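Undergrad: Contents are compact mmCIF, C-alpha atoms; file name start.txt:
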# COMPACT_ATOMS: atom_id res chain seq x y z
CA MET S 612 22.93 32.75 -33.42
CA SER S 613 21.09 32.08 -36.66
CA ARG S 614 17.35 32.71 -36.51
CA ALA S 615 16.88 29.35 -38.20
CA LEU S 616 18.47 27.48 -35.26
CA PRO S 617 15.71 28.10 -32.68
CA SER S 618 13.15 27.02 -35.27
CA LEU S 619 15.09 23.83 -35.92
CA LEU S 620 15.31 23.16 -32.17
CA LEU S 621 11.57 23.67 -31.76
CA ALA S 622 10.89 21.35 -34.68
CA PHE S 623 13.19 18.70 -33.17
CA ALA S 624 11.51 19.05 -29.76
CA ALA S 625 8.10 18.63 -31.37
CA HIS S 626 9.32 15.53 -33.20
CA VAL S 627 10.67 14.03 -29.97
CA ALA S 628 7.39 14.80 -28.19
CA VAL S 629 5.41 12.96 -30.87
CA ALA S 630 7.85 10.04 -30.79
CA GLN S 631 7.40 9.76 -27.01
CA THR S 632 3.61 9.72 -27.21
CA THR S 633 2.12 6.32 -26.40
CA VAL S 634 -1.50 5.28 -26.78
CA LEU S 635 -3.12 2.56 -24.70
CA ARG S 636 -6.26 1.07 -26.19
CA PHE S 637 -8.78 -0.95 -24.16
CA THR S 638 -12.14 -2.57 -24.83
CA ARG S 639 -13.27 -0.66 -21.75
CA LEU S 640 -11.64 1.52 -19.15
CA VAL S 641 -12.68 2.08 -15.55
CA ASP S 642 -11.11 5.53 -15.37
CA VAL S 643 -12.48 6.03 -11.87
CA PRO S 644 -14.47 3.40 -9.94
CA GLY S 645 -18.10 3.64 -11.02
CA HIS S 646 -17.41 5.09 -14.48
CA VAL S 647 -16.60 3.15 -17.65
CA VAL S 648 -15.29 4.41 -21.01
CA ASP S 649 -15.95 2.00 -23.90
CA ASP S 650 -13.37 1.57 -26.69
CA ALA S 651 -11.06 3.65 -24.54
CA VAL S 652 -7.93 5.44 -25.71
CA VAL S 653 -5.45 6.68 -23.11
CA VAL S 654 -2.74 9.00 -24.42
CA VAL S 655 0.49 9.02 -22.41
CA GLN S 656 3.40 11.40 -22.79
CA GLY S 657 6.39 10.85 -20.56
CA GLU S 658 5.15 9.84 -17.13
CA ARG S 659 1.70 11.43 -17.35
CA ILE S 660 -1.64 11.01 -19.07
CA THR S 661 -2.44 13.76 -21.57
CA THR S 662 -5.94 12.74 -22.68
CA VAL S 663 -8.54 10.01 -22.26
CA GLY S 664 -10.88 9.46 -25.21
CA SER S 665 -12.75 6.86 -27.20
CA GLY S 666 -12.33 5.35 -30.62
CA THR S 667 -9.76 5.67 -33.40
CA LYS S 668 -10.35 9.41 -33.72
CA ALA S 669 -8.79 9.91 -30.28
CA ILE S 670 -5.40 8.49 -31.39
CA PRO S 671 -2.85 11.23 -32.21
CA ALA S 672 -1.01 10.92 -35.50
CA GLY S 673 2.36 9.23 -35.17
CA ALA S 674 1.72 7.86 -31.69
CA LYS S 675 2.91 4.42 -30.64
CA VAL S 676 -0.18 2.28 -30.01
CA ILE S 677 -0.23 -0.51 -27.44
CA ASP S 678 -3.40 -2.40 -28.27
CA LEU S 679 -4.62 -3.98 -25.05
CA ARG S 680 -8.00 -5.06 -26.35
CA PRO S 681 -9.96 -7.11 -25.25
CA LEU S 682 -8.62 -6.26 -21.77
CA THR S 683 -10.13 -3.75 -19.36
CA GLY S 684 -8.08 -0.84 -18.07
CA ILE S 685 -8.14 0.28 -14.43
CA PRO S 686 -6.02 2.75 -12.45
CA GLY S 687 -2.78 1.52 -10.94
CA LEU S 688 -3.61 0.02 -7.54
CA ILE S 689 -2.43 1.35 -4.19
CA ASP S 690 -1.61 -0.85 -1.17
CA VAL S 691 -1.54 1.43 1.88
CA HIS S 692 0.05 -1.03 4.32
CA THR S 693 3.13 -3.06 3.43
CA HIS S 694 6.47 -3.99 4.98
CA MET S 695 8.61 -4.28 1.86
CA THR S 696 11.88 -4.97 3.68
CA TYR S 697 10.49 -8.04 5.46
CA PHE S 698 12.22 -10.63 3.30
CA TRP S 699 12.68 -14.35 3.88
CA ASP S 700 14.96 -16.36 1.61
CA GLN S 701 13.11 -19.63 2.40
CA GLN S 702 16.31 -21.50 3.14
CA PRO S 703 15.70 -24.95 4.68
CA GLY S 704 15.68 -24.89 8.46
CA THR S 705 14.85 -21.19 8.71
CA GLN S 706 11.66 -19.36 9.59
CA PRO S 707 10.68 -15.89 8.35
CA TRP S 708 11.04 -13.99 11.62
CA SER S 709 14.37 -15.61 12.46
CA GLN S 710 16.14 -13.64 9.72
CA GLN S 711 14.80 -10.21 10.72
CA GLY S 712 17.59 -8.02 12.05
CA ARG S 713 20.34 -10.55 11.37
CA ARG S 714 21.31 -9.27 7.92
CA ARG S 715 23.04 -6.03 7.10
CA SER S 716 20.59 -3.41 5.89
CA ALA S 717 22.20 -3.22 2.42
CA GLU S 718 21.71 -6.97 1.94
CA THR S 719 18.07 -6.75 3.02
CA VAL S 720 17.37 -3.89 0.62
CA PHE S 721 18.92 -5.84 -2.24
CA LEU S 722 16.96 -9.00 -1.48
CA ALA S 723 13.71 -7.09 -0.96
CA GLN S 724 13.67 -6.26 -4.67
CA GLU S 725 11.87 -9.57 -5.04
CA ASN S 726 9.05 -8.32 -2.82
CA ALA S 727 8.87 -5.15 -4.92
CA ARG S 728 8.66 -7.06 -8.21
CA LYS S 729 5.94 -9.38 -6.91
CA THR S 730 3.95 -6.37 -5.74
CA LEU S 731 4.04 -4.82 -9.22
CA GLN S 732 2.81 -8.09 -10.70
CA THR S 733 -0.44 -7.71 -8.71
CA GLY S 734 -1.10 -4.36 -10.37
CA VAL S 735 -0.03 -2.40 -7.29
CA THR S 736 2.01 0.56 -8.54
CA THR S 737 2.12 2.50 -5.25
CA VAL S 738 2.52 1.43 -1.63
CA ARG S 739 2.59 3.05 1.78
CA ASP S 740 5.26 1.11 3.65
CA LEU S 741 4.67 1.30 7.39
CA GLY S 742 7.86 0.51 9.25
CA ALA S 743 11.33 -0.80 8.51
CA SER S 744 14.63 -1.16 10.34
CA GLU S 745 17.72 0.93 9.56
CA TYR S 746 15.71 3.11 7.13
CA GLY S 747 15.82 0.41 4.47
CA ASP S 748 12.41 1.55 3.25
CA ILE S 749 13.77 5.06 2.58
CA VAL S 750 16.67 3.57 0.62
CA MET S 751 14.29 1.41 -1.45
CA ARG S 752 12.03 4.38 -2.17
CA ASP S 753 14.94 6.47 -3.36
CA LEU S 754 16.45 3.70 -5.50
CA ILE S 755 13.08 3.08 -7.16
CA ASN S 756 12.56 6.80 -7.75
CA ARG S 757 15.93 7.15 -9.47
CA GLY S 758 15.31 4.07 -11.64
CA ALA S 759 18.01 1.95 -10.02
CA MET S 760 15.51 -0.60 -8.66
CA VAL S 761 12.26 -1.96 -10.07
CA GLY S 762 9.29 -1.59 -7.77
CA PRO S 763 6.17 0.32 -6.87
CA ARG S 764 6.23 3.98 -5.91
CA MET S 765 6.81 4.03 -2.15
CA PHE S 766 5.65 6.34 0.64
CA VAL S 767 7.61 5.31 3.71
CA ALA S 768 7.68 5.73 7.49
CA GLY S 769 11.17 4.76 8.69
CA PHE S 770 11.11 3.36 12.24
CA GLY S 771 7.64 2.91 13.72
CA LEU S 772 7.16 4.49 17.15
CA SER S 773 6.79 1.78 19.80
CA ARG S 774 6.89 1.49 23.56
CA GLN S 775 10.32 0.72 25.02
CA ARG S 776 9.62 -2.28 27.24
CA THR S 777 13.11 -3.44 28.13
CA PRO S 778 16.28 -1.51 28.97
CA PRO S 779 18.39 -0.80 25.88
CA ARG S 780 21.28 -3.18 25.43
CA PRO S 781 24.78 -1.82 26.12
CA GLY S 782 26.06 0.22 23.19
CA ALA S 783 22.68 0.39 21.49
CA PRO S 784 21.82 3.60 19.60
CA PRO S 785 19.62 6.08 21.50
CA GLY S 786 15.94 5.23 21.69
CA PRO S 787 13.92 8.08 20.18
CA PRO S 788 15.60 8.20 16.74
CA ARG S 789 14.92 4.48 16.41
CA GLY S 790 11.31 4.95 17.47
CA ARG S 791 11.62 3.47 20.99
CA ILE S 792 9.54 5.57 23.38
CA SER S 793 10.09 5.56 27.15
CA GLU S 794 8.21 8.76 28.03
CA ILE S 795 6.02 11.32 26.31
CA ALA S 796 8.95 13.71 25.85
CA ASP S 797 10.57 11.12 23.56
CA ILE S 798 7.70 11.27 21.07
CA PRO S 799 8.41 14.56 19.25
CA VAL S 800 12.12 13.66 19.22
CA ALA S 801 11.35 10.30 17.57
CA VAL S 802 8.96 11.91 15.07
CA LYS S 803 11.58 14.50 14.13
CA ALA S 804 14.17 11.75 13.66
CA GLN S 805 11.96 9.97 11.13
CA VAL S 806 11.20 13.21 9.29
CA ASP S 807 14.86 14.21 9.23
CA ALA S 808 15.76 10.78 7.83
CA GLY S 809 13.33 11.33 4.96
CA ALA S 810 10.10 9.61 6.07
CA ASP S 811 6.90 10.53 4.23
CA TRP S 812 4.60 9.21 6.99
CA ILE S 813 4.78 8.57 10.71
CA LYS S 814 3.79 5.17 12.06
CA MET S 815 2.91 4.49 15.70
CA TYR S 816 2.33 1.07 17.28
CA GLY S 817 -0.60 1.89 19.57
CA SER S 818 -1.20 -1.64 20.82
CA THR S 819 0.26 -5.10 21.05
CA GLY S 820 -0.58 -7.44 18.20
CA SER S 821 1.50 -8.76 15.32
CA ALA S 822 2.11 -12.11 13.70
CA ALA S 823 0.42 -14.75 15.92
CA ASP S 824 -0.12 -12.23 18.74
CA VAL S 825 -3.70 -10.93 18.44
CA THR S 826 -3.99 -9.47 21.95
CA GLY S 827 -4.53 -5.79 21.08
CA ASP S 828 -3.58 -4.31 24.47
CA GLU S 829 -3.16 -0.53 24.23
CA THR S 830 0.47 0.57 24.60
CA PHE S 831 0.15 4.35 24.26
CA SER S 832 -2.44 6.55 25.95
CA LEU S 833 -4.69 8.97 24.12
CA GLY S 834 -2.43 11.81 25.30
CA GLU S 835 0.66 10.10 23.93
CA MET S 836 -1.03 9.38 20.62
CA LYS S 837 -2.10 13.02 20.45
CA ALA S 838 1.52 14.07 21.04
CA ALA S 839 2.59 11.93 18.08
CA VAL S 840 -0.20 13.26 15.87
CA ASP S 841 0.63 16.87 16.78
CA ALA S 842 4.34 16.36 16.12
CA ALA S 843 3.66 14.68 12.78
CA HIS S 844 1.24 17.37 11.65
CA ALA S 845 3.61 20.15 12.77
CA ALA S 846 6.19 18.60 10.45
CA GLY S 847 3.69 18.40 7.59
CA LYS S 848 3.35 14.62 7.81
CA ARG S 849 0.38 12.30 8.18
CA ILE S 850 0.27 9.48 10.72
CA ALA S 851 -1.01 5.91 10.80
CA ILE S 852 -1.64 4.24 14.16
CA HIS S 853 -1.58 0.47 14.58
CA SER S 854 -4.11 -0.97 17.02
CA TYR S 855 -5.36 -4.52 17.13
CA GLY S 856 -7.85 -3.68 19.87
CA PRO S 857 -10.87 -1.35 20.20
CA GLN S 858 -9.51 1.07 22.81
CA GLY S 859 -6.36 1.80 20.86
CA GLY S 860 -8.41 2.21 17.70
CA ARG S 861 -10.76 4.65 19.36
CA ASP S 862 -7.91 6.66 20.86
CA ALA S 863 -6.07 6.75 17.52
CA MET S 864 -9.18 8.24 15.93
CA LEU S 865 -9.70 10.74 18.77
CA ALA S 866 -6.03 11.76 18.58
CA GLY S 867 -6.49 12.71 14.93
CA ALA S 868 -4.62 9.96 13.07
CA GLU S 869 -5.32 9.88 9.35
CA SER S 870 -5.70 6.11 9.42
CA VAL S 871 -6.36 3.38 11.97
CA GLU S 872 -4.76 0.04 11.12
CA HIS S 873 -6.18 -3.41 11.94
CA ALA S 874 -8.56 -2.59 14.81
CA VAL S 875 -11.44 -4.93 15.72
CA ASP S 876 -14.50 -4.60 17.97
CA LEU S 877 -14.81 -0.85 17.42
CA ASP S 878 -18.07 0.30 18.98
CA ASP S 879 -20.84 2.16 17.16
CA SER S 880 -19.88 5.52 18.64
CA THR S 881 -16.29 5.14 17.43
CA LEU S 882 -17.41 4.16 13.95
CA THR S 883 -19.80 7.11 13.77
CA GLN S 884 -17.03 9.50 14.78
CA MET S 885 -14.59 7.94 12.32
CA ALA S 886 -17.09 8.51 9.51
CA ALA S 887 -17.69 12.11 10.59
CA ARG S 888 -13.98 12.91 10.90
CA GLY S 889 -12.99 11.16 7.67
CA THR S 890 -10.64 8.80 9.50
CA TYR S 891 -9.60 5.95 7.24
CA TYR S 892 -9.98 2.35 8.36
CA VAL S 893 -7.38 -0.10 7.04
CA PRO S 894 -8.58 -3.45 8.43
CA THR S 895 -5.88 -5.73 6.89
CA ILE S 896 -8.23 -8.73 7.11
CA ASP S 897 -6.22 -10.87 4.72
CA HIS S 898 -3.04 -10.50 6.75
CA ASN S 899 -4.26 -12.96 9.37
CA ARG S 900 -5.56 -15.33 6.69
CA TYR S 901 -1.98 -15.39 5.40
CA TYR S 902 -0.48 -16.23 8.79
CA ALA S 903 -3.02 -18.99 9.38
CA GLU S 904 -2.68 -20.48 5.90
CA TYR S 905 1.12 -20.42 5.99
CA HIS S 906 1.40 -21.45 9.64
CA GLN S 907 3.98 -24.13 8.85
CA GLN S 908 6.40 -21.52 7.51
CA PHE S 909 6.07 -19.61 10.78
CA GLY S 910 5.99 -22.64 13.09
CA TYR S 911 2.62 -21.69 14.57
CA THR S 912 0.70 -24.15 16.70
CA PRO S 913 -2.91 -25.23 16.06
CA GLU S 914 -3.94 -23.03 19.00
CA GLN S 915 -2.26 -20.02 17.42
CA VAL S 916 -3.95 -20.73 14.10
CA ALA S 917 -7.31 -20.91 15.88
CA GLY S 918 -6.57 -17.53 17.47
CA LEU S 919 -5.74 -16.02 14.08
CA ASP S 920 -8.95 -17.40 12.57
CA ALA S 921 -11.03 -16.07 15.47
CA TYR S 922 -9.43 -12.64 15.16
CA ARG S 923 -10.12 -12.60 11.41
CA ALA S 924 -13.79 -13.31 12.07
CA ARG S 925 -13.93 -10.31 14.43
CA ASN S 926 -12.05 -8.25 11.85
CA ILE S 927 -14.62 -9.13 9.18
CA GLU S 928 -17.53 -8.27 11.45
CA THR S 929 -15.98 -4.95 12.46
CA ALA S 930 -15.35 -4.11 8.82
CA ARG S 931 -18.97 -4.95 7.96
CA ARG S 932 -20.24 -2.61 10.66
CA ALA S 933 -17.74 0.09 9.65
CA TRP S 934 -18.90 -0.07 6.03
CA LYS S 935 -22.53 0.22 7.07
CA ALA S 936 -21.54 3.24 9.21
CA HIS S 937 -20.00 4.88 6.08
CA VAL S 938 -16.44 4.81 7.39
CA LYS S 939 -13.85 5.37 4.66
CA PHE S 940 -11.81 2.29 3.74
CA ALA S 941 -8.40 1.96 2.12
CA MET S 942 -6.91 -1.35 1.00
CA GLY S 943 -3.89 -2.45 2.99
CA SER S 944 -2.46 -5.94 2.77
CA ASP S 945 0.09 -5.71 5.60
CA ALA S 946 2.19 -7.86 3.29
CA VAL S 947 5.32 -9.43 4.76
CA PHE S 948 7.70 -12.19 3.62
CA THR S 949 5.97 -14.58 1.17
CA MET S 950 2.71 -12.60 1.14
CA PHE S 951 4.02 -10.28 -1.56
CA GLY S 952 2.22 -11.18 -4.75
CA GLN S 953 -1.00 -11.59 -2.75
CA ASN S 954 -1.36 -7.86 -2.03
CA THR S 955 -4.85 -7.44 -3.48
CA ARG S 956 -6.61 -10.38 -1.85
CA GLU S 957 -7.96 -7.92 0.73
CA LEU S 958 -10.43 -6.74 -1.93
CA GLY S 959 -12.20 -10.11 -1.83
CA TRP S 960 -12.97 -9.66 1.87
CA PHE S 961 -14.41 -6.21 1.14
CA THR S 962 -16.97 -7.64 -1.26
CA GLN S 963 -17.78 -10.33 1.30
CA ILE S 964 -18.85 -7.66 3.80
CA GLY S 965 -21.20 -6.19 1.20
CA MET S 966 -19.21 -3.69 -0.83
CA PRO S 967 -20.07 -3.63 -4.54
CA PRO S 968 -17.02 -4.39 -6.72
CA SER S 969 -16.68 -0.74 -7.79
CA GLU S 970 -16.59 0.41 -4.18
CA ALA S 971 -14.03 -2.25 -3.32
CA LEU S 972 -11.90 -1.07 -6.25
CA ALA S 973 -12.15 2.49 -4.93
CA THR S 974 -10.44 1.40 -1.68
CA ALA S 975 -7.32 0.64 -3.73
CA THR S 976 -7.56 3.63 -6.06
CA THR S 977 -9.40 6.89 -5.32
CA ASN S 978 -9.74 6.31 -1.57
CA ALA S 979 -6.14 5.22 -1.15
CA ALA S 980 -4.91 8.20 -3.20
CA GLU S 981 -6.89 10.56 -0.97
CA LEU S 982 -5.38 8.98 2.14
CA LEU S 983 -1.90 9.53 0.66
CA ASN S 984 -2.82 13.14 -0.18
CA MET S 985 -2.16 12.27 -3.82
CA SER S 986 -5.68 12.45 -5.21
CA GLN S 987 -4.59 14.86 -7.98
CA SER S 988 -1.96 12.46 -9.33
CA LEU S 989 -2.88 8.87 -8.39
CA GLY S 990 -5.91 6.62 -8.17
CA ALA S 991 -7.57 7.48 -11.49
CA VAL S 992 -6.89 7.47 -15.22
CA LYS S 993 -7.32 11.17 -15.97
CA GLN S 994 -5.63 13.97 -17.85
CA GLY S 995 -2.59 15.20 -15.93
CA TYR S 996 -2.41 12.16 -13.64
CA LEU S 997 0.61 9.89 -13.43
CA ALA S 998 0.33 7.18 -16.05
CA ASP S 999 -0.28 4.27 -13.66
CA VAL S 1000 -2.56 1.96 -15.62
CA VAL S 1001 -3.33 -1.74 -15.25
CA ALA S 1002 -5.00 -4.12 -17.71
CA VAL S 1003 -7.13 -7.00 -16.42
CA ALA S 1004 -8.95 -9.84 -18.17
CA GLY S 1005 -12.65 -9.51 -17.41
CA ASP S 1006 -15.05 -6.96 -15.99
CA PRO S 1007 -13.99 -5.60 -12.57
CA THR S 1008 -17.30 -3.76 -12.19
CA ARG S 1009 -19.02 -7.14 -11.85
CA ASP S 1010 -16.38 -9.32 -10.21
CA ILE S 1011 -13.57 -7.97 -8.03
CA HIS S 1012 -11.66 -11.24 -8.45
CA VAL S 1013 -10.79 -10.06 -11.94
CA VAL S 1014 -8.55 -7.50 -10.22
CA ILE S 1015 -7.16 -10.07 -7.77
CA ASP S 1016 -6.47 -12.93 -10.19
CA SER S 1017 -6.34 -11.58 -13.74
CA VAL S 1018 -3.80 -8.76 -14.02
CA ARG S 1019 -2.18 -9.02 -17.44
CA TRP S 1020 -0.28 -5.76 -17.94
CA VAL S 1021 1.02 -2.97 -15.72
CA MET S 1022 2.29 0.54 -16.49
CA LYS S 1023 3.79 2.77 -13.81
CA GLY S 1024 4.65 6.38 -14.56
CA GLY S 1025 4.51 5.77 -18.31
CA GLN S 1026 6.82 2.73 -18.20
CA VAL S 1027 5.60 -0.80 -18.89
CA MET S 1028 6.52 -2.85 -15.83
CA VAL S 1029 4.63 -6.11 -16.42
CA ASP S 1030 3.45 -7.74 -19.64
CA ALA S 1031 1.82 -11.11 -19.01
CA ARG S 1032 -0.69 -11.04 -21.88
CA SER S 1033 0.36 -14.51 -23.00
CA ARG S 1034 -0.78 -15.91 -19.64
CA ARG S 1035 -4.21 -17.54 -19.58
Please lay out the structure from this file as structure tokens.

TA:
Amino acid sequence: MSRALPSLLLAFAAHVAVAQTTVLRFTRLVDVPGHVVDDAVVVVQGERITTVGSGTKAIPAGAKVIDLRPLTGIPGLIDVHTHMTYFWDQQPGTQPWSQQGRRRSAETVFLAQENARKTLQTGVTTVRDLGASEYGDIVMRDLINRGAMVGPRMFVAGFGLSRQRTPPRPGAPPGPPRGRISEIADIPVAVKAQVDAGADWIKMYGSTGSAADVTGDETFSLGEMKAAVDAAHAAGKRIAIHSYGPQGGRDAMLAGAESVEHAVDLDDSTLTQMAARGTYYVPTIDHNRYYAEYHQQFGYTPEQVAGLDAYRARNIETARRAWKAHVKFAMGSDAVFTMFGQNTRELGWFTQIGMPPSEALATATTNAAELLNMSQSLGAVKQGYLADVVAVAGDPTRDIHVVIDSVRWVMKGGQVMVDARSRR
């Protein structure tokens, strides 16, 4: 081989590297919540950030510049509780829940692309998806990762573990792989089934409560939750436990779950222990606002709406007390059906309980990345991190509604996913 050839190849590689360098320029950048870079320059190569600087001097020669001034840059947002495969086509005469389980999984995955696109439009570039039938969430994750589907980066749980309350129907697949638990011995089998199928997380339904049901009766004992936590951790996975009520929430924390979802009326002792252990609280306050506001779509009665509103009030009060107790929060929408596109409204409730805007933003960035065990790649605009960057119109350090209502541009992994700068 000629000695000149390696030199030519190196020169070509260097040329390609320069050609693939993109610069994002902002009036200001919240690189991590609580810190602002003025006249910010973010240099992106491939899917990652190479440098963050300020002013024209920070722009490499030959780079492609995307001038996003006068917008403000923030990290790509993370929604840690979604159900992406819950899709409703809004056909006349149908209700959202009536279509669940009636379509083939492949059809559901295809249709759920709409939920994924709407999520990206809110500035959410990563989600933790907590439960889907037939492993549709795993299929969506893999299609998105290979570039065959447009959507946020997904961390998924497969079938959620739930109590088997009725005998299986004739010919039904066995319970544990599908997450149906009859006895404690089923739990490690069900966890292994999700892991073997490709789940990133384990999800357990530790109480009743969903949709218009706000009862919160515990369905798994502390010992059973501990069995699920131990099995998940032995497999190198983290676990989220759903509990609408206080006892299930307390037991989920004591069992060692990384996050407790939804729970209300948690007592002071539980909140103190959650703070000490670093257990994340994902209150999903806005989820019940959605059900109440869209009650006609779901066919809910006035009494059911009143129950949802009352539960939300308890949810808000519990979140206020949890924040004062220094419990860690992560933003989870619990988005289903037509709630996609409203993923970040949860942040407004966080400021209502007293969080400053920067702290609320952290629940969807640095905190959420830590919960996902991705704090070295997601949740901030830093050198070496994945290039998930969002541009908003306004100052999110003063008003969190800028993040909720004024997303204008979204990059995920170095690719521009949303450009709505012409929108006012």

Undergrad: Kindly indicate which residue among S:Val992, S:Ala917, S:Ala868, S:Ala822 lies nearest to Pro707 of chain S, using only C-alpha atoms for the distances.

TA: S:Ala822

Undergrad: Would you compute the distance between atom CA of Ala1004 of chain S and atom CA of Gly965 of chain S? Give it in Å to one decimal.

TA: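 Result for atom CA of Ala1004 of chain S versus atom CA of Gly965 of chain S: 23.2 Å, one decimal.
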
Undergrad: Quick one: distance from atom CA of Thr912 of chain S to atom CA of Thr955 of chain S in Å, one decimal?

TA: 26.8 Å

Undergrad: Out of S:Trp708, S:Phe909, S:Phe951, S:Tyr855, which residue has the shortest atom-to-atom distance to Tyr922 of chain S when counting only C-alpha atoms?

TA: S:Tyr855

Undergrad: Looking at only C-alpha atoms, which of S:Ile660, S:Val653, S:Ala886, S:Ile850 is the one that sits closest to Gly867 of chain S?

TA: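 Counting only C-alpha atoms, the residue closest to Gly867 of chain S is S:Ile850.
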
Undergrad: Return the single residue from S:Ile927, S:Pro763, S:Ile685, S:Gln858 that is closest to Gly645 of chain S, with distances computed using all atoms listed in the file.

TA: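 Checking each of S:Ile927, S:Pro763, S:Ile685, S:Gln858 against Gly645 of chain S, counting all atoms listed in the file, the winner is S:Ile685.
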
Undergrad: Select, counting all atoms listed in the file, all protein, DNA and RNA residues no farther than 10 Å from (-16.8, 4.6, 7.9) in file coordinates, and express the selection as a PyMOL selection string.

TA: chain S and resi 881-892+930-940

Undergrad: Using only C-alpha atoms for the distances, tell me which of S:Arg1032, S:Arg925, S:Lys814, S:Arg659 is nearest to Pro857 of chain S.

TA: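 The answer is S:Arg925, which sits nearest to Pro857 of chain S.
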
Undergrad: Select, counting only C-alpha atoms, all protein, DNA and RNA residues no farther than 9 Å from (-6.8, 10.4, -10.0) in file coordinates, and express the selection as a list in words.

TA: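 The requested residues, written out, are Asp642, Val643, Pro686, Thr976, Thr977, Ala980, Met985, Ser986, Gln987, Ser988, Leu989, Gly990, Ala991, Val992, Lys993, Gln994, Gly995, Tyr996 and Leu997 of chain S.
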
Undergrad: What does the structure give for the distance between atom CA of Phe770 of chain S and atom CA of Glu745 of chain S, in Å to one decimal?

TA: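 One can read the atom CA of Phe770 of chain S to atom CA of Glu745 of chain S distance as 7.5 Å.
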
Undergrad: Between S:Phe961, S:Asp811, S:Pro781, S:Ala669, which has the minimum distance to Asn984 of chain S (counting only C-alpha atoms)?

TA: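 Checking each of S:Phe961, S:Asp811, S:Pro781, S:Ala669 against Asn984 of chain S, counting only C-alpha atoms, the winner is S:Asp811.
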
Undergrad: Would you compute an axis-aligned box for segment 996-1009 of chain S, covering every atom listed for it in the file with 4 Å of margin on each side, and report centre and edge lengths in Å to one decimal as lines of an AutoDock Vina configuration file?

TA:
center_x = -9.2
center_y = 1.2
center_z = -15.0
size_x = 27.6
size_y = 30.0
size_z = 14.3

Undergrad: List the neighbours of segment 741-744 of chain S out to 7 Å using only C-alpha atoms; skip same-chain residues closer than 2 positions along the sequence, and give me the result as an mmCIF file with C-alpha atoms, in the coordinates of the input.

TA:
data_model
loop_
_atom_site.group_PDB
_atom_site.id
_atom_site.type_symbol
_atom_site.label_atom_id
_atom_site.label_comp_id
_atom_site.auth_asym_id
_atom_site.auth_seq_id
_atom_site.Cartn_x
_atom_site.Cartn_y
_atom_site.Cartn_z
ATOM 1 C CA HIS S 692 0.050 -1.030 4.320
ATOM 2 C CA THR S 693 3.130 -3.060 3.430
ATOM 3 C CA HIS S 694 6.470 -3.990 4.980
ATOM 4 C CA THR S 696 11.880 -4.970 3.680
ATOM 5 C CA ARG S 739 2.590 3.050 1.780
ATOM 6 C CA TYR S 746 15.710 3.110 7.130
ATOM 7 C CA GLY S 747 15.820 0.410 4.470
ATOM 8 C CA ASP S 748 12.410 1.550 3.250
ATOM 9 C CA VAL S 767 7.610 5.310 3.710
ATOM 10 C CA ALA S 768 7.680 5.730 7.490
ATOM 11 C CA GLY S 769 11.170 4.760 8.690
ATOM 12 C CA PHE S 770 11.110 3.360 12.240
ATOM 13 C CA GLY S 771 7.640 2.910 13.720
ATOM 14 C CA LYS S 814 3.790 5.170 12.060
#

Undergrad: Give me, as a CSV table (one decimal) with C-alpha atoms, in the frame of the given file, all polymer residues having an atom no more than 6 Å from Gly943 of chain S, counting all atoms listed in the file and skipping those fewer than 5 positions away in the same chain.

TA:
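Wrote it out as selection_2.csv, contents follow:
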chain,number,residue,atom,x,y,z
S,690,ASP,CA,-1.6,-0.8,-1.2
S,691,VAL,CA,-1.5,1.4,1.9
S,692,HIS,CA,0.0,-1.0,4.3
S,893,VAL,CA,-7.4,-0.1,7.0
S,895,THR,CA,-5.9,-5.7,6.9

Undergrad: Hey, what's within 9 Å of Gln631 of chain S if we count all atoms listed in the file and toss same-chain stuff fewer than 6 positions away? As a list of chain:residue names, please?

TA: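 Contacts, in chain order: S:Val655, S:Gln656, S:Gly657, S:Ala674, S:Lys675.
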
Undergrad: Give me the residues near Thr929 of chain S as JSON, numbers by chain, where near means some atom within 9 Å (using all atoms listed in the file) and where sequence neighbours in that chain fewer than 4 positions away do not count.

TA: {"S": [874, 875, 876, 877, 878, 894, 924, 925, 933, 934]}
